[in-house]
Structures are given as C-alpha cells and as structure tokens.
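K.L.:
Below is query31.cif; it holds mmCIF, N, CA, C and O atoms.
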data_protein
#
loop_
_atom_site.label_atom_id
_atom_site.label_comp_id
_atom_site.auth_asym_id
_atom_site.auth_seq_id
_atom_site.Cartn_x
_atom_site.Cartn_y
_atom_site.Cartn_z
N MET R 1 92.84 73.76 120.43
CA MET R 1 92.30 74.69 121.39
C MET R 1 92.78 76.08 121.02
O MET R 1 93.91 76.29 120.65
N VAL R 2 91.90 77.03 121.15
CA VAL R 2 92.22 78.42 120.91
C VAL R 2 92.06 79.14 122.24
O VAL R 2 91.05 79.00 122.91
N VAL R 3 93.07 79.87 122.67
CA VAL R 3 93.01 80.58 123.94
C VAL R 3 92.86 82.06 123.67
O VAL R 3 93.61 82.64 122.90
N LEU R 4 91.86 82.66 124.30
CA LEU R 4 91.63 84.09 124.19
C LEU R 4 91.92 84.70 125.56
O LEU R 4 91.45 84.21 126.57
N GLU R 5 92.68 85.77 125.58
CA GLU R 5 93.02 86.39 126.85
C GLU R 5 92.53 87.83 126.85
O GLU R 5 92.69 88.55 125.87
N ALA R 6 91.92 88.22 127.94
CA ALA R 6 91.43 89.60 128.07
C ALA R 6 91.55 90.03 129.52
O ALA R 6 91.35 89.23 130.43
N SER R 7 91.81 91.29 129.73
CA SER R 7 92.03 91.86 131.05
C SER R 7 92.86 90.91 131.90
O SER R 7 93.89 90.44 131.45
N ARG R 8 92.42 90.57 133.11
CA ARG R 8 93.23 89.69 133.95
C ARG R 8 92.65 88.28 134.03
O ARG R 8 93.11 87.47 134.80
N GLU R 9 91.65 88.01 133.23
CA GLU R 9 91.03 86.69 133.23
C GLU R 9 91.47 85.93 131.99
O GLU R 9 91.78 86.50 130.97
N LEU R 10 91.46 84.61 132.09
CA LEU R 10 91.79 83.77 130.95
C LEU R 10 90.50 83.16 130.43
O LEU R 10 89.74 82.57 131.18
N HIS R 11 90.25 83.32 129.15
CA HIS R 11 89.05 82.78 128.51
C HIS R 11 89.49 81.77 127.46
O HIS R 11 90.42 82.02 126.70
N THR R 12 88.83 80.63 127.41
CA THR R 12 89.22 79.57 126.50
C THR R 12 88.06 79.16 125.63
O THR R 12 86.94 79.01 126.10
N VAL R 13 88.34 78.98 124.34
CA VAL R 13 87.38 78.44 123.39
C VAL R 13 87.96 77.11 122.92
O VAL R 13 89.07 77.06 122.41
N MET R 14 87.23 76.03 123.13
CA MET R 14 87.72 74.71 122.73
C MET R 14 87.28 74.41 121.30
O MET R 14 86.12 74.56 120.96
N VAL R 15 88.23 73.99 120.49
CA VAL R 15 87.97 73.63 119.10
C VAL R 15 88.65 72.28 118.86
O VAL R 15 89.81 72.10 119.20
N THR R 16 87.92 71.33 118.29
CA THR R 16 88.50 70.02 117.99
C THR R 16 89.36 70.13 116.74
O THR R 16 88.93 70.66 115.72
N VAL R 17 90.59 69.64 116.85
CA VAL R 17 91.52 69.68 115.72
C VAL R 17 92.05 68.28 115.46
O VAL R 17 92.11 67.45 116.37
N PRO R 18 92.47 68.00 114.23
CA PRO R 18 92.91 66.65 113.89
C PRO R 18 94.38 66.36 114.21
O PRO R 18 94.96 65.43 113.68
N PHE R 19 95.00 67.15 115.07
CA PHE R 19 96.39 66.91 115.44
C PHE R 19 96.56 67.18 116.92
O PHE R 19 95.67 67.76 117.55
N THR R 20 97.68 66.75 117.48
CA THR R 20 97.86 66.85 118.92
C THR R 20 98.88 67.89 119.35
O THR R 20 98.92 68.26 120.52
N SER R 21 99.74 68.35 118.42
CA SER R 21 100.76 69.30 118.84
C SER R 21 101.14 70.26 117.73
O SER R 21 101.08 69.92 116.55
N ALA R 22 101.50 71.45 118.15
CA ALA R 22 102.00 72.46 117.23
C ALA R 22 102.70 73.52 118.06
O ALA R 22 102.23 73.91 119.12
N LYS R 23 103.84 73.98 117.57
CA LYS R 23 104.52 75.11 118.20
C LYS R 23 104.39 76.29 117.26
O LYS R 23 104.60 76.17 116.05
N TYR R 24 104.04 77.43 117.84
CA TYR R 24 103.81 78.66 117.09
C TYR R 24 104.79 79.72 117.56
O TYR R 24 105.18 79.74 118.71
N LYS R 25 105.10 80.64 116.66
CA LYS R 25 105.80 81.86 117.07
C LYS R 25 105.08 83.02 116.41
O LYS R 25 104.62 82.93 115.27
N ILE R 26 104.95 84.10 117.14
CA ILE R 26 104.35 85.31 116.60
C ILE R 26 105.45 86.10 115.92
O ILE R 26 106.44 86.47 116.56
N ASP R 27 105.29 86.32 114.63
CA ASP R 27 106.31 87.02 113.85
C ASP R 27 106.12 88.53 113.90
O ASP R 27 107.08 89.28 113.94
N ALA R 28 104.86 88.97 113.85
CA ALA R 28 104.59 90.41 113.83
C ALA R 28 103.15 90.67 114.25
O ALA R 28 102.25 89.88 113.97
N ILE R 29 102.96 91.79 114.94
CA ILE R 29 101.62 92.29 115.27
C ILE R 29 101.59 93.75 114.86
O ILE R 29 102.46 94.53 115.26
N ASP R 30 100.60 94.12 114.06
CA ASP R 30 100.42 95.50 113.63
C ASP R 30 99.04 95.96 114.07
O ASP R 30 98.05 95.78 113.37
N ALA R 31 98.97 96.51 115.29
CA ALA R 31 97.68 96.92 115.85
C ALA R 31 97.01 98.01 115.03
O ALA R 31 95.78 98.05 114.91
N ARG R 32 97.80 98.90 114.45
CA ARG R 32 97.25 99.99 113.65
C ARG R 32 96.47 99.46 112.43
O ARG R 32 95.44 100.00 112.06
N ASN R 33 96.99 98.40 111.82
CA ASN R 33 96.36 97.83 110.62
C ASN R 33 95.57 96.56 110.91
O ASN R 33 95.16 95.86 109.98
N PHE R 34 95.39 96.24 112.19
CA PHE R 34 94.62 95.07 112.60
C PHE R 34 95.12 93.80 111.92
O PHE R 34 94.34 93.01 111.38
N SER R 35 96.43 93.59 111.94
CA SER R 35 96.99 92.42 111.28
C SER R 35 98.08 91.79 112.14
O SER R 35 98.62 92.42 113.05
N ALA R 36 98.37 90.54 111.83
CA ALA R 36 99.42 89.82 112.54
C ALA R 36 99.92 88.70 111.64
O ALA R 36 99.25 88.28 110.69
N THR R 37 101.11 88.23 111.94
CA THR R 37 101.70 87.09 111.24
C THR R 37 102.24 86.15 112.30
O THR R 37 102.89 86.58 113.26
N TYR R 38 101.92 84.86 112.13
CA TYR R 38 102.49 83.85 113.02
C TYR R 38 102.85 82.62 112.22
O TYR R 38 102.29 82.37 111.15
N THR R 39 103.80 81.86 112.74
CA THR R 39 104.31 80.69 112.03
C THR R 39 104.21 79.45 112.91
O THR R 39 104.60 79.47 114.08
N VAL R 40 103.67 78.38 112.32
CA VAL R 40 103.70 77.06 112.95
C VAL R 40 104.99 76.42 112.46
O VAL R 40 105.21 76.31 111.25
N PHE R 41 105.88 76.03 113.39
CA PHE R 41 107.19 75.55 112.98
C PHE R 41 107.53 74.15 113.47
O PHE R 41 108.57 73.60 113.11
N GLU R 42 106.65 73.55 114.26
CA GLU R 42 106.94 72.21 114.78
C GLU R 42 105.66 71.54 115.21
O GLU R 42 104.70 72.20 115.61
N GLY R 43 105.64 70.20 115.14
CA GLY R 43 104.51 69.43 115.63
C GLY R 43 103.81 68.66 114.54
O GLY R 43 104.10 68.84 113.34
N ASP R 44 102.89 67.79 114.94
CA ASP R 44 102.21 66.97 113.95
C ASP R 44 101.22 67.78 113.10
O ASP R 44 100.72 67.29 112.10
N ALA R 45 100.97 69.01 113.48
CA ALA R 45 100.13 69.89 112.65
C ALA R 45 100.77 70.11 111.27
O ALA R 45 100.08 70.46 110.32
N LEU R 46 102.08 69.89 111.18
CA LEU R 46 102.78 70.05 109.90
C LEU R 46 102.76 68.77 109.07
O LEU R 46 103.30 68.73 107.96
N MET R 47 102.11 67.74 109.57
CA MET R 47 101.82 66.50 108.83
C MET R 47 103.07 65.77 108.34
O MET R 47 102.98 64.95 107.44
N GLY R 48 104.23 66.10 108.85
CA GLY R 48 105.45 65.44 108.42
C GLY R 48 105.93 65.83 107.03
O GLY R 48 106.96 65.36 106.58
N ILE R 49 105.18 66.69 106.34
CA ILE R 49 105.58 67.09 104.98
C ILE R 49 105.92 68.57 104.88
O ILE R 49 106.37 69.03 103.84
N LEU R 50 105.68 69.31 105.97
CA LEU R 50 105.93 70.76 105.93
C LEU R 50 107.03 71.13 106.91
O LEU R 50 107.13 70.56 108.00
N ASP R 51 107.85 72.09 106.52
CA ASP R 51 108.81 72.69 107.44
C ASP R 51 108.12 73.74 108.29
O ASP R 51 108.43 73.91 109.47
N SER R 52 107.16 74.46 107.68
CA SER R 52 106.44 75.51 108.41
C SER R 52 105.18 75.91 107.65
O SER R 52 105.01 75.60 106.48
N ALA R 53 104.31 76.60 108.38
CA ALA R 53 103.11 77.20 107.80
C ALA R 53 102.99 78.59 108.41
O ALA R 53 102.86 78.73 109.62
N THR R 54 103.08 79.62 107.58
CA THR R 54 103.04 81.00 108.06
C THR R 54 101.69 81.61 107.72
O THR R 54 101.27 81.63 106.57
N HIS R 55 101.00 82.08 108.76
CA HIS R 55 99.67 82.68 108.63
C HIS R 55 99.80 84.20 108.63
O HIS R 55 100.46 84.77 109.51
N HIS R 56 99.16 84.83 107.68
CA HIS R 56 99.06 86.28 107.62
C HIS R 56 97.58 86.60 107.83
O HIS R 56 96.75 86.30 106.95
N ILE R 57 97.25 87.16 109.00
CA ILE R 57 95.84 87.42 109.30
C ILE R 57 95.60 88.93 109.37
O ILE R 57 96.49 89.70 109.71
N LYS R 58 94.37 89.30 109.01
CA LYS R 58 94.04 90.72 108.97
C LYS R 58 92.53 90.88 109.13
O LYS R 58 91.76 90.09 108.61
N PHE R 59 92.12 91.91 109.86
CA PHE R 59 90.73 92.30 109.95
C PHE R 59 90.57 93.57 109.11
O PHE R 59 91.25 94.56 109.35
N VAL R 60 89.67 93.51 108.14
CA VAL R 60 89.44 94.63 107.23
C VAL R 60 88.05 95.19 107.53
O VAL R 60 87.07 94.44 107.52
N PRO R 61 87.92 96.51 107.78
CA PRO R 61 86.60 97.08 108.05
C PRO R 61 85.64 96.83 106.89
O PRO R 61 86.01 96.89 105.73
N SER R 62 84.38 96.55 107.24
CA SER R 62 83.37 96.33 106.22
C SER R 62 82.36 97.48 106.24
O SER R 62 82.29 98.25 107.20
N ALA R 63 81.59 97.59 105.19
CA ALA R 63 80.63 98.69 105.03
C ALA R 63 79.56 98.69 106.11
O ALA R 63 79.01 99.73 106.44
N ASP R 64 79.25 97.52 106.68
CA ASP R 64 78.18 97.43 107.68
C ASP R 64 78.66 97.75 109.09
O ASP R 64 77.93 97.57 110.05
N GLY R 65 79.89 98.21 109.23
CA GLY R 65 80.42 98.56 110.54
C GLY R 65 81.16 97.42 111.22
O GLY R 65 81.75 97.61 112.27
N GLY R 66 81.14 96.25 110.63
CA GLY R 66 81.86 95.10 111.19
C GLY R 66 83.23 94.99 110.57
O GLY R 66 83.85 95.99 110.21
N ALA R 67 83.67 93.78 110.42
CA ALA R 67 84.99 93.53 109.84
C ALA R 67 84.98 92.19 109.11
O ALA R 67 84.21 91.30 109.44
N VAL R 68 85.86 92.09 108.14
CA VAL R 68 86.07 90.84 107.41
C VAL R 68 87.41 90.28 107.86
O VAL R 68 88.41 90.99 107.89
N PHE R 69 87.43 89.00 108.26
CA PHE R 69 88.65 88.34 108.70
C PHE R 69 89.28 87.64 107.51
O PHE R 69 88.63 86.88 106.81
N LYS R 70 90.56 87.92 107.26
CA LYS R 70 91.29 87.29 106.16
C LYS R 70 92.48 86.55 106.74
O LYS R 70 93.19 87.07 107.60
N ASP R 71 92.69 85.33 106.28
CA ASP R 71 93.81 84.50 106.74
C ASP R 71 94.41 83.83 105.52
O ASP R 71 93.78 82.98 104.91
N SER R 72 95.60 84.25 105.13
CA SER R 72 96.29 83.57 104.05
C SER R 72 97.45 82.79 104.67
O SER R 72 98.07 83.23 105.64
N VAL R 73 97.71 81.61 104.13
CA VAL R 73 98.72 80.73 104.70
C VAL R 73 99.74 80.38 103.63
O VAL R 73 99.38 80.03 102.51
N VAL R 74 101.01 80.49 103.99
CA VAL R 74 102.09 80.09 103.10
C VAL R 74 102.71 78.82 103.68
O VAL R 74 103.23 78.83 104.80
N PHE R 75 102.60 77.73 102.93
CA PHE R 75 103.17 76.45 103.35
C PHE R 75 104.57 76.32 102.77
O PHE R 75 104.76 76.53 101.58
N LYS R 76 105.53 75.95 103.62
CA LYS R 76 106.89 75.66 103.15
C LYS R 76 107.10 74.16 103.30
O LYS R 76 107.19 73.64 104.42
N GLY R 77 107.13 73.46 102.16
CA GLY R 77 107.24 72.00 102.17
C GLY R 77 108.65 71.52 102.38
O GLY R 77 109.62 72.23 102.14
N LYS R 78 108.74 70.27 102.83
CA LYS R 78 110.03 69.60 102.94
C LYS R 78 110.35 69.03 101.58
O LYS R 78 109.63 68.18 101.07
N GLY R 79 111.41 69.52 100.96
CA GLY R 79 111.76 69.05 99.62
C GLY R 79 110.64 69.34 98.64
O GLY R 79 110.14 70.46 98.56
N ASP R 80 110.21 68.31 97.92
CA ASP R 80 109.14 68.47 96.94
C ASP R 80 107.76 68.15 97.51
O ASP R 80 106.77 68.16 96.78
N ALA R 81 107.67 67.84 98.78
CA ALA R 81 106.39 67.46 99.39
C ALA R 81 105.41 68.63 99.39
O ALA R 81 105.79 69.78 99.61
N LYS R 82 104.15 68.30 99.09
CA LYS R 82 103.09 69.31 99.08
C LYS R 82 101.84 68.71 99.71
O LYS R 82 101.59 67.51 99.55
N PRO R 83 101.04 69.53 100.39
CA PRO R 83 99.78 69.01 100.91
C PRO R 83 98.82 68.69 99.75
O PRO R 83 98.83 69.39 98.74
N THR R 84 98.01 67.67 99.92
CA THR R 84 97.04 67.31 98.89
C THR R 84 95.90 68.32 98.90
O THR R 84 95.72 69.07 99.87
N GLU R 85 95.11 68.31 97.85
CA GLU R 85 93.93 69.19 97.78
C GLU R 85 92.97 68.88 98.93
O GLU R 85 92.39 69.77 99.52
N GLU R 86 92.83 67.61 99.25
CA GLU R 86 91.96 67.20 100.37
C GLU R 86 92.47 67.78 101.68
O GLU R 86 91.69 68.29 102.49
N THR R 87 93.78 67.72 101.89
CA THR R 87 94.37 68.27 103.11
C THR R 87 94.16 69.78 103.18
O THR R 87 93.81 70.32 104.23
N LEU R 88 94.35 70.47 102.07
CA LEU R 88 94.12 71.92 102.04
C LEU R 88 92.68 72.24 102.38
O LEU R 88 92.39 73.18 103.13
N ASN R 89 91.74 71.46 101.85
CA ASN R 89 90.32 71.67 102.16
C ASN R 89 90.03 71.41 103.63
O ASN R 89 89.23 72.13 104.24
N GLN R 90 90.68 70.42 104.23
CA GLN R 90 90.51 70.15 105.65
C GLN R 90 91.03 71.32 106.49
O GLN R 90 90.41 71.71 107.47
N PHE R 91 92.17 71.89 106.09
CA PHE R 91 92.70 73.05 106.79
C PHE R 91 91.74 74.24 106.67
O PHE R 91 91.50 74.94 107.66
N LYS R 92 91.21 74.47 105.49
CA LYS R 92 90.27 75.58 105.31
C LYS R 92 89.06 75.41 106.24
O LYS R 92 88.62 76.37 106.87
N GLU R 93 88.55 74.19 106.31
CA GLU R 93 87.40 73.91 107.18
C GLU R 93 87.77 74.12 108.65
O GLU R 93 87.01 74.70 109.42
N LEU R 94 88.97 73.68 109.03
CA LEU R 94 89.45 73.87 110.40
C LEU R 94 89.56 75.36 110.73
O LEU R 94 89.10 75.80 111.78
N PHE R 95 90.15 76.14 109.84
CA PHE R 95 90.29 77.59 110.08
C PHE R 95 88.92 78.25 110.20
O PHE R 95 88.69 79.09 111.06
N LYS R 96 88.01 77.85 109.32
CA LYS R 96 86.65 78.42 109.34
C LYS R 96 85.96 78.10 110.66
O LYS R 96 85.38 78.98 111.30
N ASN R 97 86.04 76.85 111.10
CA ASN R 97 85.39 76.45 112.34
C ASN R 97 86.01 77.12 113.55
O ASN R 97 85.31 77.50 114.49
N THR R 98 87.34 77.28 113.54
CA THR R 98 88.02 77.95 114.64
C THR R 98 87.57 79.41 114.72
O THR R 98 87.24 79.91 115.80
N PHE R 99 87.52 80.08 113.58
CA PHE R 99 87.10 81.48 113.59
C PHE R 99 85.66 81.60 114.05
O PHE R 99 85.32 82.49 114.83
N LYS R 100 84.78 80.71 113.59
CA LYS R 100 83.37 80.77 114.00
C LYS R 100 83.23 80.58 115.51
O LYS R 100 82.41 81.23 116.14
N ALA R 101 84.05 79.71 116.10
CA ALA R 101 84.02 79.51 117.55
C ALA R 101 84.48 80.79 118.27
O ALA R 101 83.87 81.21 119.25
N GLN R 102 85.54 81.42 117.77
CA GLN R 102 86.02 82.66 118.37
C GLN R 102 84.97 83.77 118.23
O GLN R 102 84.73 84.53 119.16
N GLU R 103 84.39 83.86 117.05
CA GLU R 103 83.38 84.89 116.80
C GLU R 103 82.17 84.70 117.71
O GLU R 103 81.69 85.67 118.32
N ALA R 104 81.70 83.48 117.85
CA ALA R 104 80.55 83.19 118.71
C ALA R 104 80.86 83.56 120.15
O ALA R 104 80.03 84.14 120.86
N TYR R 105 82.08 83.26 120.60
CA TYR R 105 82.48 83.61 121.96
C TYR R 105 82.50 85.13 122.15
O TYR R 105 82.02 85.65 123.14
N ALA R 106 83.08 85.83 121.20
CA ALA R 106 83.16 87.29 121.29
C ALA R 106 81.78 87.93 121.32
O ALA R 106 81.54 88.88 122.07
N ILE R 107 80.86 87.42 120.51
CA ILE R 107 79.51 87.96 120.48
C ILE R 107 78.80 87.69 121.81
O ILE R 107 78.11 88.55 122.35
N ALA R 108 79.01 86.49 122.35
CA ALA R 108 78.35 86.11 123.61
C ALA R 108 78.97 86.80 124.82
O ALA R 108 78.32 86.92 125.86
N HIS R 109 80.21 87.25 124.71
CA HIS R 109 80.93 87.86 125.85
C HIS R 109 81.58 89.19 125.45
O HIS R 109 82.80 89.34 125.51
N PRO R 110 80.78 90.18 125.06
CA PRO R 110 81.38 91.46 124.62
C PRO R 110 82.16 92.17 125.73
O PRO R 110 83.04 92.97 125.44
N GLU R 111 81.87 91.86 126.98
CA GLU R 111 82.58 92.51 128.08
C GLU R 111 84.06 92.13 128.11
O GLU R 111 84.87 92.83 128.70
N VAL R 112 84.41 91.03 127.48
CA VAL R 112 85.79 90.57 127.47
C VAL R 112 86.65 91.46 126.59
O VAL R 112 87.84 91.60 126.81
N TYR R 113 86.03 92.06 125.60
CA TYR R 113 86.79 92.87 124.66
C TYR R 113 86.52 94.32 124.85
O TYR R 113 87.00 95.18 124.31
#
If you convert what's in this file into structure tokens, what do you get?
P.N.:
Amino acid sequence: MVVLEASRELHTVMVTVPFTSAKYKIDAIDARNFSATYTVFEGDALMGILDSATHHIKFVPSADGGAVFKDSVVFKGKGDAKPTEETLNQFKELFKNTFKAQEAYAIAHPEVY
C-alpha cells in the first residue's frame, strides 16, 4: 500500500505487493532538488537475504514541462547473499506499477497537490 497525504485529508492508493511487512525510515528530503532517500530496514520485503534496501528517488524536470521519476536502489546483502536476477526484475516491476498507480491518482485528483 502506498499512502499519499495532502492538506488535512488522507488519500490512499492501494498497490498489491508480494510481501506483508516492511519498516521504512526517511533518511533525507531535499525539496529544492525534488529528491529523497529512504531505507527499508526490516520485514519480509527484505526476503531474508538483505540487511537493507536504500532508495534514492528524484524528480528531474523534462523538456515537455513534466518530470522524469528516477529511483535507484542500493541493496545491502546479508553476508554473500544477493537477490537473483528474477527477484530484481520483480522489484523493478513492483516499483513501476507503484509509480503508475501514484501517477494515475495524481492526474485524477490534481486538487490534492
């Protein structure tokens, strides 16, 4: 589930994910550069093989007046454990679908932003 908050109302976008729990911490928010960093540090989202997954997200202005969303992830494995290529592809698909759900919500509800 992805929760979007605006003004005094709570808006929720539901996204199906293949895990049941994850704890996140926000490491940094840079409003001037439209970027943020957050870390997943606990839960089955780490698949038992990761200590953490740190996301570096950024919105970059595009020539058409919109923005390009960039999300790079640094995985910190437990010992020598690494996610498989299939798992990485599943994460990419999950991130893409989550962003598309957020984007669709924002387009349908511009008054929220």
K.L.:
Would you please work out which residue, of R:Glu103, R:Ala28, R:His55, R:His109, is nearest to Val40 in chain R when using all atoms listed in the file?
P.N.:
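Between R:Glu103, R:Ala28, R:His55, R:His109, the residue approaching Val40 in chain R most closely is R:His55.
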K.L.:
For the PyMOL selection byres ((chain R and resi 72) around 8), applied here, can you spell out every residue it catches as a PyMOL selection string?
P.N.:
chain R and resi 36-38+53-58+69-71+73-75
K.L.:
Tell me, which residues of range 53-110 of chain R carry DSSP alpha helix (DSSP H), written as a ChimeraX atom specification?
P.N.:
/R:85-108
K.L.:
Write the selection just made, keeping N, CA, C and O atoms, as a compact mmCIF listing (two decimals), in the frame of the given file?
P.N.:
# COMPACT_ATOMS: atom_id res chain seq x y z
N GLU R 85 95.11 68.31 97.85
CA GLU R 85 93.93 69.19 97.78
C GLU R 85 92.97 68.88 98.93
O GLU R 85 92.39 69.77 99.52
N GLU R 86 92.83 67.61 99.25
CA GLU R 86 91.96 67.20 100.37
C GLU R 86 92.47 67.78 101.68
O GLU R 86 91.69 68.29 102.49
N THR R 87 93.78 67.72 101.89
CA THR R 87 94.37 68.27 103.11
C THR R 87 94.16 69.78 103.18
O THR R 87 93.81 70.32 104.23
N LEU R 88 94.35 70.47 102.07
CA LEU R 88 94.12 71.92 102.04
C LEU R 88 92.68 72.24 102.38
O LEU R 88 92.39 73.18 103.13
N ASN R 89 91.74 71.46 101.85
CA ASN R 89 90.32 71.67 102.16
C ASN R 89 90.03 71.41 103.63
O ASN R 89 89.23 72.13 104.24
N GLN R 90 90.68 70.42 104.23
CA GLN R 90 90.51 70.15 105.65
C GLN R 90 91.03 71.32 106.49
O GLN R 90 90.41 71.71 107.47
N PHE R 91 92.17 71.89 106.09
CA PHE R 91 92.70 73.05 106.79
C PHE R 91 91.74 74.24 106.67
O PHE R 91 91.50 74.94 107.66
N LYS R 92 91.21 74.47 105.49
CA LYS R 92 90.27 75.58 105.31
C LYS R 92 89.06 75.41 106.24
O LYS R 92 88.62 76.37 106.87
N GLU R 93 88.55 74.19 106.31
CA GLU R 93 87.40 73.91 107.18
C GLU R 93 87.77 74.12 108.65
O GLU R 93 87.01 74.70 109.42
N LEU R 94 88.97 73.68 109.03
CA LEU R 94 89.45 73.87 110.40
C LEU R 94 89.56 75.36 110.73
O LEU R 94 89.10 75.80 111.78
N PHE R 95 90.15 76.14 109.84
CA PHE R 95 90.29 77.59 110.08
C PHE R 95 88.92 78.25 110.20
O PHE R 95 88.69 79.09 111.06
N LYS R 96 88.01 77.85 109.32
CA LYS R 96 86.65 78.42 109.34
C LYS R 96 85.96 78.10 110.66
O LYS R 96 85.38 78.98 111.30
N ASN R 97 86.04 76.85 111.10
CA ASN R 97 85.39 76.45 112.34
C ASN R 97 86.01 77.12 113.55
O ASN R 97 85.31 77.50 114.49
N THR R 98 87.34 77.28 113.54
CA THR R 98 88.02 77.95 114.64
C THR R 98 87.57 79.41 114.72
O THR R 98 87.24 79.91 115.80
N PHE R 99 87.52 80.08 113.58
CA PHE R 99 87.10 81.48 113.59
C PHE R 99 85.66 81.60 114.05
O PHE R 99 85.32 82.49 114.83
N LYS R 100 84.78 80.71 113.59
CA LYS R 100 83.37 80.77 114.00
C LYS R 100 83.23 80.58 115.51
O LYS R 100 82.41 81.23 116.14
N ALA R 101 84.05 79.71 116.10
CA ALA R 101 84.02 79.51 117.55
C ALA R 101 84.48 80.79 118.27
O ALA R 101 83.87 81.21 119.25
N GLN R 102 85.54 81.42 117.77
CA GLN R 102 86.02 82.66 118.37
C GLN R 102 84.97 83.77 118.23
O GLN R 102 84.73 84.53 119.16
N GLU R 103 84.39 83.86 117.05
CA GLU R 103 83.38 84.89 116.80
C GLU R 103 82.17 84.70 117.71
O GLU R 103 81.69 85.67 118.32
N ALA R 104 81.70 83.48 117.85
CA ALA R 104 80.55 83.19 118.71
C ALA R 104 80.86 83.56 120.15
O ALA R 104 80.03 84.14 120.86
N TYR R 105 82.08 83.26 120.60
CA TYR R 105 82.48 83.61 121.96
C TYR R 105 82.50 85.13 122.15
O TYR R 105 82.02 85.65 123.14
N ALA R 106 83.08 85.83 121.20
CA ALA R 106 83.16 87.29 121.29
C ALA R 106 81.78 87.93 121.32
O ALA R 106 81.54 88.88 122.07
N ILE R 107 80.86 87.42 120.51
CA ILE R 107 79.51 87.96 120.48
C ILE R 107 78.80 87.69 121.81
O ILE R 107 78.11 88.55 122.35
N ALA R 108 79.01 86.49 122.35
CA ALA R 108 78.35 86.11 123.61
C ALA R 108 78.97 86.80 124.82
O ALA R 108 78.32 86.92 125.86
K.L.:
Applied to this file, what does the PyMOL selection byres ((chain R and resi 34) around 6) return in terms of residues, put as a count of residues only?
P.N.:
10
K.L.:
Smallest atom-to-atom distance to Lys25 in chain R: which of R:Glu42, R:Asp80, R:Asp64, R:Glu111, using only N, CA, C and O atoms?
P.N.:
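Ranked by minimum distance to Lys25 in chain R, first place goes to R:Glu42.
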K.L.:
Given only C-alpha atoms as the basis, pick out the residue of R:Pro110, R:Met47, R:Ala63, R:Ala101 nearest to Thr84 in chain R.
P.N.:
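Checking each of R:Pro110, R:Met47, R:Ala63, R:Ala101 against Thr84 in chain R, counting only C-alpha atoms, the winner is R:Met47.
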K.L.:
Please indicate the distance in Å from atom C of Leu50 in chain R to atom N of Val68 in chain R, rounded to one decimal place.
P.N.:
29.8 Å
K.L.:
Suppose you want the space between atom N of Glu93 in chain R and atom O of Pro18 in chain R; what is it in Å?
P.N.:
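Separation between atom N of Glu93 in chain R and atom O of Pro18 in chain R: 13.1 Å.
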K.L.:
One number please: atom N of Pro61 in chain R to atom C of Phe99 in chain R, in Å, one decimal.
P.N.:
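If I compute the distance from atom N of Pro61 in chain R to atom C of Phe99 in chain R, I get 16.3 Å.
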K.L.:
How would you write, as a PyMOL selection string, the residues chosen by the PyMOL selection byres (((chain R and resi 45 and name CA) around 6) and name CA) on this structure?
P.N.:
chain R and resi 19+22+43-44+46-47
K.L.:
What parts of chain R does DSSP call strand (DSSP E or B)? I'd like the answer as a PyMOL selection string.
P.N.:
chain R and resi 2-6+9-13+23-30+35-42+50-61+67-77
